[in-house]
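Visitor: Before we start, here is the structure in question, set down as structure tokens.
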Amino acid sequence: MLTIHQVFTTPSKPKLLLLHGFLGNHRDWSQVLNSLSQGFDVYLVDLPGHGDSGHVSVNDLQQLLKLLHLSIGANVSGPYHLLGYSMGGRLALHYANFCHQHNVDDILSLTLEACHPGLTDSQQQTQRWQSDQGWAKRFANEPLETVLNDWYLQPVFAELTPQQRQTLIEARLTNNGEALANMMTIMSLANQPNFWDLPQSLNYSVHYLVGALDSKFLGLAHQWQQHSPKLSYQVIADAGHNVHRAQSHAFSQAVQHQLEP
């Protein structure tokens, strides 16, 4: 089972389940917990190879989805709002599709922070697979600090200051390199189905949060909303790829506003 940390305030409050991104864990949400727990009973999932689920390994995506389903069922009673960041957002898309296909109706809404709906170009898929496999090989075989130093120099993290980058590297050194490599392979965007149409088929609202400084995902948010009008998106000022870290107050306000009854 996956470890799910529970932040209860009042059982009568709506439930909110959070999925962290690649390299993260439940502590990544610490800056928004106080605000979010004012309106929700919050559940924080540690994904395989990460945080307190570092010992957990899965063989493929279907096993991961079934494990997530069992873990949620064992820890969360009743319906809940689902929110995922980056890789966690893509997993949330996979899981929403899984629940839709299996007639599971526990999800009240879906909120996605800076995640990709899927590559539609075969050349891009090939390039992404080669890139992910290169990183996976490095995570599995090289000193973790060396790989992390290079990881956080990627353009998507360009808004980080040197101190912020170093803080993230130090926080990620507790992860298991081989387990990270496994998750990178399983969750590769190269193999992700096309979820551009998914919001239209779900019977609940789908929201998207993106930082104004995250040009790549800002463009994706606009394209996705044009493709699937049911999707709503909100741009958070002075934030890059990780909105909940860069602008925790604005992030929490946006989530509460989107999900209020």
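Each chain in the structure tokens gets a letter, A, B and so on, in the order shown; residues start at 1 in every chain, and ligands are counted from 1 in the order they appear.
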For Leu148 (chain A), work out the shell of residues within 10 Å, counting only C-alpha atoms and skipping chain neighbours fewer than 3 positions away, then give it as a ChimeraX atom specification.
Guide: /A:23,138-139,143-145,151-153,165-166,168-170,172-173
Visitor: Pick out each residue of region 113-257 of chain A that DSSP on the backbone tags as strand (DSSP E or B); I need them as a PyMOL selection string.
Guide: chain A and resi 113+205-211+231-236
Visitor: If you run DSSP on this backbone, which residues of region 115-253 of chain A come out as helix (DSSP H, G or I), and could you give them as number ranges by chain?
Guide: A: 122-141, 144-151, 155-157, 162-172, 177-186, 189-191, 198-201, 215-227, 243-246, 248-253
Visitor: Take the residues from that selection and put them in a file with C-alpha atoms, as a short mmCIF file (atom, residue, chain, number, x, y, z; two decimals), in the first residue's frame.
Guide:
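To be explicit, this is the file written out as out13.cif:
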data_model
loop_
_atom_site.label_atom_id
_atom_site.label_comp_id
_atom_site.auth_asym_id
_atom_site.auth_seq_id
_atom_site.Cartn_x
_atom_site.Cartn_y
_atom_site.Cartn_z
CA SER A 122 5.20 10.63 -32.90
CA GLN A 123 8.55 12.37 -33.30
CA GLN A 124 8.04 14.22 -30.01
CA GLN A 125 7.08 10.94 -28.35
CA THR A 126 10.27 9.30 -29.58
CA GLN A 127 12.40 12.22 -28.41
CA ARG A 128 10.71 12.24 -25.01
CA TRP A 129 11.22 8.50 -24.59
CA GLN A 130 14.89 8.82 -25.40
CA SER A 131 15.22 11.70 -22.95
CA ASP A 132 13.35 9.90 -20.15
CA GLN A 133 15.38 6.75 -20.66
CA GLY A 134 18.57 8.79 -20.49
CA TRP A 135 17.53 10.35 -17.21
CA ALA A 136 16.31 7.00 -15.85
CA LYS A 137 19.68 5.43 -16.60
CA ARG A 138 21.43 8.26 -14.81
CA PHE A 139 19.15 8.09 -11.75
CA ALA A 140 19.75 4.35 -11.51
CA ASN A 141 23.53 4.43 -11.93
CA LEU A 144 21.95 11.11 -6.87
CA GLU A 145 23.37 14.54 -6.08
CA THR A 146 25.16 14.67 -9.44
CA VAL A 147 21.97 13.86 -11.36
CA LEU A 148 19.85 16.27 -9.32
CA ASN A 149 22.29 19.11 -10.01
CA ASP A 150 21.73 18.61 -13.73
CA TRP A 151 18.00 17.92 -13.36
CA PRO A 155 14.67 25.15 -18.70
CA VAL A 156 11.41 24.30 -16.90
CA PHE A 157 13.12 25.21 -13.60
CA PRO A 162 20.70 29.14 -6.98
CA GLN A 163 19.67 28.92 -3.32
CA GLN A 164 16.21 27.53 -4.17
CA ARG A 165 17.83 25.00 -6.49
CA GLN A 166 20.26 23.87 -3.80
CA THR A 167 17.47 23.58 -1.23
CA LEU A 168 15.50 21.32 -3.58
CA ILE A 169 18.56 19.17 -4.30
CA GLU A 170 19.20 18.64 -0.60
CA ALA A 171 15.55 17.76 0.02
CA ARG A 172 15.57 15.16 -2.77
CA GLY A 177 17.72 6.45 -7.44
CA GLU A 178 16.64 3.06 -8.81
CA ALA A 179 13.06 3.59 -7.67
CA LEU A 180 13.04 7.03 -9.29
CA ALA A 181 14.30 5.52 -12.54
CA ASN A 182 11.48 2.98 -12.43
CA MET A 183 8.81 5.64 -11.90
CA MET A 184 10.26 7.78 -14.67
CA THR A 185 9.96 4.88 -17.08
CA ILE A 186 6.43 3.91 -16.00
CA LEU A 189 5.01 11.23 -21.09
CA ALA A 190 6.09 9.39 -24.24
CA ASN A 191 3.72 6.52 -23.38
CA LEU A 198 -10.79 13.63 -21.30
CA PRO A 199 -12.30 16.71 -19.56
CA GLN A 200 -15.27 16.57 -21.93
CA SER A 201 -16.09 12.99 -20.92
CA SER A 215 5.67 29.72 -20.75
CA LYS A 216 5.54 26.12 -21.97
CA PHE A 217 2.63 25.07 -19.76
CA LEU A 218 0.90 28.42 -20.07
CA GLY A 219 0.69 27.74 -23.80
CA LEU A 220 -0.51 24.20 -23.16
CA ALA A 221 -3.23 25.43 -20.80
CA HIS A 222 -4.59 27.80 -23.45
CA GLN A 223 -4.47 25.14 -26.19
CA TRP A 224 -6.13 22.57 -23.96
CA GLN A 225 -8.93 24.93 -22.96
CA GLN A 226 -9.54 25.73 -26.63
CA HIS A 227 -9.68 22.01 -27.39
CA VAL A 243 2.99 27.28 -8.36
CA HIS A 244 2.26 25.91 -4.88
CA ARG A 245 5.87 26.49 -3.83
CA ALA A 246 6.39 29.90 -5.48
CA SER A 248 1.49 29.33 -1.88
CA HIS A 249 -1.13 31.88 -0.80
CA ALA A 250 -2.38 32.55 -4.32
CA PHE A 251 -2.39 28.82 -5.04
CA SER A 252 -4.48 28.02 -1.96
CA GLN A 253 -6.92 30.81 -2.73
#
Visitor: I want to know what sits within 10 Å of Asn203 (chain A), based on only C-alpha atoms, with residues of the same chain fewer than 5 positions away left out; could you give that as a list in words?
Guide: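 After dropping sequence-adjacent residues, the list is His100, Asp105, Ile107, Leu108 and Ser109 of chain A.
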Visitor: Give me, please, the distance in Å between CA of Ala237 (chain A) and CA of Gly84 (chain A), quoted to one decimal.
Guide: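 Taking CA of Ala237 (chain A) as the start and CA of Gly84 (chain A) as the end point, the length is 19.5 Å.
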Visitor: When you count only C-alpha atoms, which of these residues is closest to Phe40 (chain A): A:Val7, A:Leu119, A:Ile72, A:Val56?
Guide: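 Nearest candidate to Phe40 (chain A) out of A:Val7, A:Leu119, A:Ile72, A:Val56: A:Val7.
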